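What follows is coords.txt (compact mmCIF, C-alpha atoms and all ligand atoms).
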# COMPACT_ATOMS: atom_id res chain seq x y z
CA MET P 1 6.83 2.01 23.51
CA LEU P 2 3.46 2.93 24.92
CA ILE P 3 0.54 1.18 23.25
CA ARG P 4 -2.87 1.88 24.79
CA ASN P 5 -5.82 2.17 22.41
CA ALA P 6 -6.61 4.11 19.27
CA GLU P 7 -8.49 6.83 21.12
CA GLN P 8 -5.45 7.69 23.21
CA ASP P 9 -2.68 6.86 20.75
CA VAL P 10 -3.86 8.55 17.54
CA LYS P 11 -2.86 12.23 17.39
CA TYR P 12 -5.30 13.11 14.61
CA VAL P 13 -7.24 11.51 11.78
CA MET P 14 -5.59 12.20 8.45
CA PHE P 15 -8.19 10.51 6.22
CA THR P 16 -11.65 9.38 7.25
CA ARG P 17 -13.18 6.17 5.96
CA GLU P 18 -15.44 8.30 3.71
CA GLN P 19 -12.46 10.10 2.16
CA ILE P 20 -10.68 6.80 1.59
CA ALA P 21 -13.79 5.28 0.01
CA ALA P 22 -14.23 8.28 -2.31
CA ARG P 23 -10.60 8.09 -3.45
CA CYS P 24 -10.90 4.32 -4.01
CA ARG P 25 -13.88 5.00 -6.28
CA GLU P 26 -11.86 7.51 -8.33
CA LEU P 27 -8.84 5.24 -8.64
CA GLY P 28 -11.10 2.30 -9.50
CA LYS P 29 -12.60 4.31 -12.37
CA GLU P 30 -9.18 5.29 -13.70
CA LEU P 31 -7.95 1.70 -13.59
CA THR P 32 -11.16 0.45 -15.20
CA GLU P 33 -10.48 2.78 -18.12
CA LYS P 34 -6.84 1.74 -18.32
CA PHE P 35 -7.62 -1.97 -18.44
CA ARG P 36 -10.76 -1.86 -20.59
CA GLY P 37 -10.94 -5.15 -22.51
CA GLU P 38 -8.04 -6.64 -20.54
CA THR P 39 -7.86 -9.01 -17.58
CA PRO P 40 -5.25 -7.59 -15.20
CA LEU P 41 -3.61 -9.72 -12.55
CA MET P 42 -4.09 -7.76 -9.35
CA ILE P 43 -1.38 -8.39 -6.76
CA CYS P 44 -1.94 -7.39 -3.15
CA VAL P 45 1.17 -6.77 -1.06
CA LEU P 46 0.29 -8.12 2.38
CA ARG P 47 -0.19 -7.25 4.97
CA GLY P 48 -0.65 -3.48 4.83
CA ALA P 49 -2.52 -3.31 1.52
CA ALA P 50 -5.23 -5.82 2.43
CA PHE P 51 -8.10 -3.37 2.95
CA PHE P 52 -7.11 -1.00 0.16
CA PHE P 53 -6.74 -3.90 -2.27
CA THR P 54 -10.16 -5.36 -1.60
CA ASP P 55 -11.85 -1.95 -1.73
CA LEU P 56 -10.02 -0.91 -4.91
CA CYS P 57 -10.71 -4.16 -6.75
CA ARG P 58 -14.40 -3.83 -5.98
CA GLU P 59 -14.37 -0.37 -7.57
CA MET P 60 -12.93 -1.77 -10.80
CA ASP P 61 -15.39 -2.84 -13.44
CA CYS P 62 -13.37 -5.35 -15.46
CA LEU P 63 -12.39 -8.99 -15.42
CA MET P 64 -9.40 -9.61 -13.20
CA ASP P 65 -7.73 -12.22 -11.16
CA MET P 66 -6.09 -11.68 -7.83
CA ASP P 67 -3.18 -12.95 -5.88
CA PHE P 68 -1.62 -12.10 -2.55
CA ILE P 69 2.07 -11.79 -1.84
CA ALA P 70 3.79 -10.65 1.33
CA ALA P 71 6.83 -8.43 1.66
CA SER P 72 8.37 -7.02 4.77
CA SER P 73 11.11 -4.53 5.54
CA TYR P 74 10.09 -2.71 8.71
CA PHE P 75 10.07 -5.53 11.27
CA LYS P 76 8.27 -3.62 14.03
CA GLY P 77 10.19 -0.34 13.54
CA THR P 78 9.20 3.01 12.05
CA LYS P 79 12.02 3.17 9.48
CA SER P 80 12.74 0.72 6.66
CA THR P 81 15.59 -1.67 7.46
CA GLY P 82 16.69 -1.26 3.83
CA THR P 83 16.31 -4.97 3.21
CA VAL P 84 13.12 -6.21 1.61
CA ARG P 85 12.13 -9.77 2.33
CA LEU P 86 9.60 -11.58 0.14
CA VAL P 87 7.72 -13.57 2.72
CA LYS P 88 5.18 -15.06 0.31
CA ASP P 89 5.48 -15.16 -3.48
CA SER P 90 2.81 -15.60 -6.17
CA ASN P 91 2.68 -18.83 -8.12
CA ILE P 92 0.48 -17.43 -10.89
CA ASP P 93 2.24 -17.23 -14.27
CA MET P 94 2.82 -13.51 -14.95
CA GLY P 95 4.01 -14.09 -18.52
CA LYS P 96 2.18 -11.76 -20.97
CA ARG P 97 -0.10 -10.49 -18.19
CA HIS P 98 -0.89 -6.94 -17.16
CA VAL P 99 0.31 -7.07 -13.55
CA VAL P 100 -0.93 -4.47 -11.08
CA ILE P 101 0.95 -4.26 -7.76
CA VAL P 102 -1.18 -2.72 -5.02
CA GLU P 103 0.49 -1.24 -1.94
CA ASP P 104 -0.79 0.68 1.07
CA ILE P 105 2.14 3.10 1.25
CA ILE P 106 5.36 4.05 -0.48
CA ASP P 107 8.02 5.57 1.75
CA SER P 108 11.66 4.73 0.91
CA GLY P 109 10.36 3.07 -2.28
CA LEU P 110 12.53 0.01 -1.69
CA THR P 111 9.66 -2.45 -1.51
CA LEU P 112 8.06 -1.44 -4.81
CA GLU P 113 11.41 -1.15 -6.54
CA TYR P 114 12.28 -4.66 -5.41
CA LEU P 115 8.94 -6.12 -6.47
CA VAL P 116 8.91 -4.43 -9.89
CA LYS P 117 12.43 -5.67 -10.63
CA LEU P 118 11.53 -9.18 -9.51
CA PHE P 119 8.28 -9.36 -11.50
CA ALA P 120 9.91 -7.87 -14.61
CA THR P 121 12.02 -11.04 -14.85
CA ARG P 122 8.77 -13.01 -15.27
CA GLU P 123 8.05 -11.26 -18.59
CA PRO P 124 4.64 -9.67 -17.98
CA LYS P 125 3.02 -7.49 -20.68
CA SER P 126 3.10 -4.55 -18.27
CA ILE P 127 3.55 -3.71 -14.60
CA THR P 128 1.48 -0.96 -12.99
CA THR P 129 2.05 0.21 -9.44
CA VAL P 130 -0.70 1.63 -7.23
CA THR P 131 -0.42 2.86 -3.67
CA LEU P 132 -2.96 4.46 -1.40
CA LEU P 133 -0.44 6.72 0.32
CA ASP P 134 2.64 8.33 -1.17
CA LYS P 135 4.93 9.74 1.51
CA ASP P 136 6.51 12.97 0.41
CA VAL P 137 10.13 12.19 1.22
CA ASN P 138 11.69 14.74 -1.12
CA LYS P 139 14.07 12.27 -2.77
CA PRO P 140 14.02 12.82 -6.54
CA ASP P 141 15.64 9.44 -7.28
CA ARG P 142 13.09 7.45 -5.28
CA PHE P 143 10.94 4.88 -7.15
CA ARG P 144 7.98 6.63 -8.84
CA VAL P 145 4.61 5.01 -8.45
CA ASP P 146 2.09 5.09 -11.32
CA TYR P 147 -1.06 5.79 -9.27
CA TYR P 148 -1.48 7.08 -5.74
CA GLY P 149 -4.44 7.91 -3.57
CA PHE P 150 -3.02 10.66 -1.38
CA LYS P 151 0.33 12.39 -0.93
CA ILE P 152 1.13 12.62 2.76
CA PRO P 153 3.74 14.45 4.85
CA ASP P 154 6.51 12.56 6.65
CA GLU P 155 4.39 11.42 9.60
CA PHE P 156 3.96 7.93 11.02
CA VAL P 157 0.50 6.79 10.00
CA VAL P 158 -1.55 3.81 11.10
CA GLY P 159 -4.94 2.31 10.32
CA TYR P 160 -6.76 0.92 7.27
CA GLY P 161 -4.10 -1.81 7.06
CA LEU P 162 -1.10 0.21 8.23
CA ASP P 163 0.44 -0.85 11.51
CA TYR P 164 2.85 -0.01 14.21
CA ALA P 165 4.32 -3.22 15.70
CA ASP P 166 1.31 -4.99 14.14
CA TYR P 167 -1.23 -2.90 16.06
CA TYR P 168 -3.87 -0.52 14.68
CA ARG P 169 -4.31 -2.19 11.28
CA ASN P 170 -8.02 -2.58 11.92
CA LEU P 171 -8.78 1.13 12.36
CA PRO P 172 -11.27 2.17 9.66
CA TYR P 173 -9.47 5.50 9.14
CA ILE P 174 -5.84 6.59 8.66
CA GLY P 175 -4.42 8.45 11.63
CA VAL P 176 -1.12 9.86 12.81
CA LEU P 177 0.38 8.01 15.75
CA LYS P 178 1.55 10.01 18.77
CA GLU P 179 5.34 9.96 19.04
CA GLU P 180 5.25 8.67 22.62
CA CYS P 181 3.84 5.38 21.25
CA TYR P 182 6.99 4.51 19.33
CA LYS P 183 9.78 6.70 20.72
C1 LIG Z 1 5.25 -1.47 4.60
C2 LIG Z 1 4.20 -1.15 3.56
C3 LIG Z 1 4.96 -1.28 2.26
C4 LIG Z 1 6.35 -0.83 2.63
C5 LIG Z 1 6.58 0.58 2.14
O1 LIG Z 1 5.40 -2.85 4.75
O2 LIG Z 1 3.12 -2.04 3.62
O3 LIG Z 1 4.99 -2.62 1.80
O4 LIG Z 1 6.45 -0.90 4.06
O5 LIG Z 1 7.80 1.11 2.59
P1 LIG Z 1 9.04 1.41 1.64
O6 LIG Z 1 8.54 2.25 0.49
O7 LIG Z 1 9.96 2.19 2.56
O8 LIG Z 1 9.65 0.12 1.19
P2 LIG Z 1 5.98 -3.57 6.06
O9 LIG Z 1 7.41 -3.99 5.84
O10 LIG Z 1 5.75 -2.70 7.27
O11 LIG Z 1 5.09 -4.86 6.13
P3 LIG Z 1 3.47 -4.96 6.36
O12 LIG Z 1 2.79 -4.54 5.08
O13 LIG Z 1 3.23 -6.41 6.67
O14 LIG Z 1 3.13 -4.04 7.50

Would it be possible to restate this file's structure as structure tokens?
Ligand code: PRP
Amino acid sequence: MLIRNAEQDVKYVMFTREQIAARCRELGKELTEKFRGETPLMICVLRGAAFFFTDLCREMDCLMDMDFIAASSYFKGTKSTGTVRLVKDSNIDMGKRHVVIVEDIIDSGLTLEYLVKLFATREPKSITTVTLLDKDVNKPDRFRVDYYGFKIPDEFVVGYGLDYADYYRNLPYIGVLKEECYK
């Protein structure tokens, strides 16, 4: 593992902060339409979704309340361990609420599948899933997300909340990490 700094470690920028902001505006408009007259409960899946969540919510023009949960399945690696751990749950009553789960990325789909199954037992009115990045993994039976910002190829991306070994989350753009940093 060779961690230096973003300038040396990022192979190329996949999405600039301007592109991300523009896509957040579009998604915010779509979700505003969807929840017109409703008060969705927006759930941020920490830690990766932190920046996307706050930007997206500010692009939505409706009443809402927010909560933050934390799930983890990568534990410093580049591949899902296959076991999702809920590190922090929500204590807001989801009964009869429109729940919106906001993620930074869907890859194996295990995290969202786990969260949707768990929240469904709490009898919400609906569950909507939103992710900024949807990794094209070519698995037809993978969990299908309702809204996504960008489809991306199978590359290891960091920045705008996404990390490798907890580094790079604070980059304002999304970039592809050089293989030498994690191989
Ligand atoms: C990442 C990401 C998603 C999940 C997606 O979380 O934030 O929650 O993996 O991958 P999947 O579709 O294969 O389940 P991670 O476990 O790295 O925790 P973090 O958000 O704290 O970085």

Compile the contact shell of region 139-147 of chain P as an NGL selection string: residues with an atom at most 6 Å away, counting only C-alpha atoms, same-chain residues fewer than 3 positions apart removed. :P and (109 or 129-130)

Which residues, written as a PyMOL selection string, have at least one atom at most 10 Å from Val102 (chain P), with all atoms listed in the file counted and residues fewer than 3 positions away on the same chain left out? chain P and resi 42-46+48-50+52-54+56-57+68+99+105+112+128-132+147-148

Could you tell me, counting all atoms listed in the file, which protein and nucleic acid residues lie no more than 10 Å from ligand LIG 1 (chain Z), written as a PyMOL selection string? chain P and resi 44-50+70-87+102-115+131+133-135+142-143+158+161-167+169

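For the residues P:Thr16, P:Thr32, P:Asn5, P:Ser90, ranking by smallest atom-to-atom distance to Leu177 (chain P) using all atoms listed in the file places P:Asn5 first.
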
One decimal place gives the CA of Asn91 (chain P)-CA of Lys117 (chain P) separation as 16.6 Å

Could you tell me, as a list in words, which residues have any atom at most 10 Å from (-11.4, 7.1, 2.9), counting all atoms listed in the file?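 The residues that fall inside the cut-off are Met14, Phe15, Thr16, Arg17, Glu18, Gln19, Ile20, Ala21, Ala22, Arg23, Cys24, Arg25, Phe52, Leu132, Gly149, Tyr160, Pro172, Tyr173 and Ile174 of chain P.
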
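Take CA of Asp55 (chain P) and CA of Tyr182 (chain P): the distance between them is 29.0 Å.
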
Could you please determine the separation between CA of Asp136 (chain P) and CA of Gly175 (chain P) in Å, to one decimal place?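 Here the two named atoms are 16.3 Å from each other.
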
Compile the contact shell of Gly95 (chain P) as a count of residues only: residues with an atom at most 12 Å away, counting all atoms listed in the file, same-chain residues fewer than 3 positions apart removed. 15

Non-local contacts of Cys62 (chain P) (9 Å; all atoms listed in the file; under 5 positions in same chain excluded) as an mmCIF file with C-alpha atoms, keeping the file's coordinate frame:
data_model
loop_
_atom_site.group_PDB
_atom_site.id
_atom_site.type_symbol
_atom_site.label_atom_id
_atom_site.label_comp_id
_atom_site.auth_asym_id
_atom_site.auth_seq_id
_atom_site.Cartn_x
_atom_site.Cartn_y
_atom_site.Cartn_z
ATOM 1 C CA THR P 32 -11.160 0.450 -15.200
ATOM 2 C CA PHE P 35 -7.620 -1.970 -18.440
ATOM 3 C CA ARG P 36 -10.760 -1.860 -20.590
ATOM 4 C CA GLY P 37 -10.940 -5.150 -22.510
ATOM 5 C CA GLU P 38 -8.040 -6.640 -20.540
ATOM 6 C CA THR P 39 -7.860 -9.010 -17.580
ATOM 7 C CA PRO P 40 -5.250 -7.590 -15.200
#

Within 12 Å of Glu7 (chain P), counting all atoms listed in the file, which residues qualify if same-chain residues fewer than 4 places away don't, as a PyMOL selection string? chain P and resi 3+11-13+168+171+175-178

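Of the residues under consideration (P:Lys151, P:Arg97, P:Lys29, P:Arg4), P:Arg97 shows the shortest atom-to-atom contact distance to Met64 (chain P) when counting all atoms listed in the file.
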
If I only have part of region 141-166 of chain P, can you fill in N, CA, C and O atoms and write it as a tab-separated table (two decimals), in the coordinates of the input?
chain	number	residue	atom	x	y	z
P	141	ASP	N	15.28	10.72	-6.64
P	141	ASP	CA	15.64	9.44	-7.28
P	141	ASP	C	14.86	8.26	-6.71
P	141	ASP	O	15.11	7.11	-7.06
P	142	ARG	N	13.89	8.54	-5.84
P	142	ARG	CA	13.09	7.45	-5.28
P	142	ARG	C	12.21	6.82	-6.36
P	142	ARG	O	11.83	7.49	-7.32
P	143	PHE	N	11.83	5.57	-6.21
P	143	PHE	CA	10.94	4.88	-7.15
P	143	PHE	C	9.65	5.70	-7.33
P	143	PHE	O	9.07	6.18	-6.36
P	144	ARG	N	9.20	5.84	-8.58
P	144	ARG	CA	7.98	6.63	-8.84
P	144	ARG	C	6.81	5.69	-9.11
P	144	ARG	O	6.88	4.85	-10.02
P	145	VAL	N	5.78	5.88	-8.35
P	145	VAL	CA	4.61	5.01	-8.45
P	145	VAL	C	3.68	5.55	-9.55
P	145	VAL	O	3.65	6.74	-9.82
P	146	ASP	N	2.95	4.65	-10.22
P	146	ASP	CA	2.09	5.09	-11.32
P	146	ASP	C	0.81	5.78	-10.82
P	146	ASP	O	0.38	6.78	-11.38
P	147	TYR	N	0.19	5.21	-9.80
P	147	TYR	CA	-1.06	5.79	-9.27
P	147	TYR	C	-0.96	5.88	-7.75
P	147	TYR	O	-0.48	4.93	-7.11
P	148	TYR	N	-1.42	6.99	-7.20
P	148	TYR	CA	-1.48	7.08	-5.74
P	148	TYR	C	-2.81	7.69	-5.32
P	148	TYR	O	-3.43	8.43	-6.07
P	149	GLY	N	-3.20	7.34	-4.10
P	149	GLY	CA	-4.44	7.91	-3.57
P	149	GLY	C	-4.23	9.29	-2.99
P	149	GLY	O	-4.87	10.26	-3.38
P	150	PHE	N	-3.29	9.39	-2.05
P	150	PHE	CA	-3.02	10.66	-1.38
P	150	PHE	C	-1.52	10.82	-1.18
P	150	PHE	O	-0.84	9.86	-0.82
P	151	LYS	N	-1.04	12.04	-1.36
P	151	LYS	CA	0.33	12.39	-0.93
P	151	LYS	C	0.23	12.75	0.55
P	151	LYS	O	-0.71	13.46	0.95
P	152	ILE	N	1.18	12.28	1.33
P	152	ILE	CA	1.13	12.62	2.76
P	152	ILE	C	2.49	13.16	3.23
P	152	ILE	O	3.53	12.81	2.66
P	153	PRO	N	2.48	13.97	4.29
P	153	PRO	CA	3.74	14.45	4.85
P	153	PRO	C	4.46	13.32	5.57
P	153	PRO	O	3.91	12.23	5.77
P	154	ASP	N	5.68	13.58	6.01
P	154	ASP	CA	6.51	12.56	6.65
P	154	ASP	C	6.08	12.35	8.10
P	154	ASP	O	6.76	12.75	9.03
P	155	GLU	N	4.94	11.71	8.27
P	155	GLU	CA	4.39	11.42	9.60
P	155	GLU	C	4.18	9.91	9.68
P	155	GLU	O	3.98	9.26	8.67
P	156	PHE	N	4.17	9.37	10.89
P	156	PHE	CA	3.96	7.93	11.02
P	156	PHE	C	2.47	7.64	11.12
P	156	PHE	O	1.82	8.01	12.09
P	157	VAL	N	1.95	6.99	10.07
P	157	VAL	CA	0.50	6.79	10.00
P	157	VAL	C	0.13	5.32	10.25
P	157	VAL	O	0.88	4.41	9.91
P	158	VAL	N	-1.03	5.15	10.83
P	158	VAL	CA	-1.55	3.81	11.10
P	158	VAL	C	-3.03	3.74	10.71
P	158	VAL	O	-3.68	4.77	10.55
P	159	GLY	N	-3.52	2.52	10.60
P	159	GLY	CA	-4.94	2.31	10.32
P	159	GLY	C	-5.18	1.92	8.87
P	159	GLY	O	-4.30	2.08	8.02
P	160	TYR	N	-6.37	1.36	8.61
P	160	TYR	CA	-6.76	0.92	7.27
P	160	TYR	C	-5.65	0.02	6.68
P	160	TYR	O	-5.23	0.19	5.55
P	161	GLY	N	-5.13	-0.86	7.50
P	161	GLY	CA	-4.10	-1.81	7.06
P	161	GLY	C	-2.71	-1.48	7.56
P	161	GLY	O	-1.86	-2.35	7.72
P	162	LEU	N	-2.45	-0.20	7.81
P	162	LEU	CA	-1.10	0.21	8.23
P	162	LEU	C	-0.95	0.00	9.73
P	162	LEU	O	-1.85	0.30	10.51
P	163	ASP	N	0.25	-0.48	10.11
P	163	ASP	CA	0.44	-0.85	11.51
P	163	ASP	C	1.60	-0.12	12.15
P	163	ASP	O	2.46	0.44	11.48
P	164	TYR	N	1.61	-0.19	13.47
P	164	TYR	CA	2.85	-0.01	14.21
P	164	TYR	C	2.99	-1.25	15.10
P	164	TYR	O	2.07	-1.53	15.89
P	165	ALA	N	4.10	-1.99	14.94
P	165	ALA	CA	4.32	-3.22	15.70
P	165	ALA	C	3.11	-4.15	15.61
P	165	ALA	O	2.75	-4.81	16.59
P	166	ASP	N	2.48	-4.14	14.44
P	166	ASP	CA	1.31	-4.99	14.14
P	166	ASP	C	0.01	-4.53	14.78
P	166	ASP	O	-1.03	-5.16	14.59
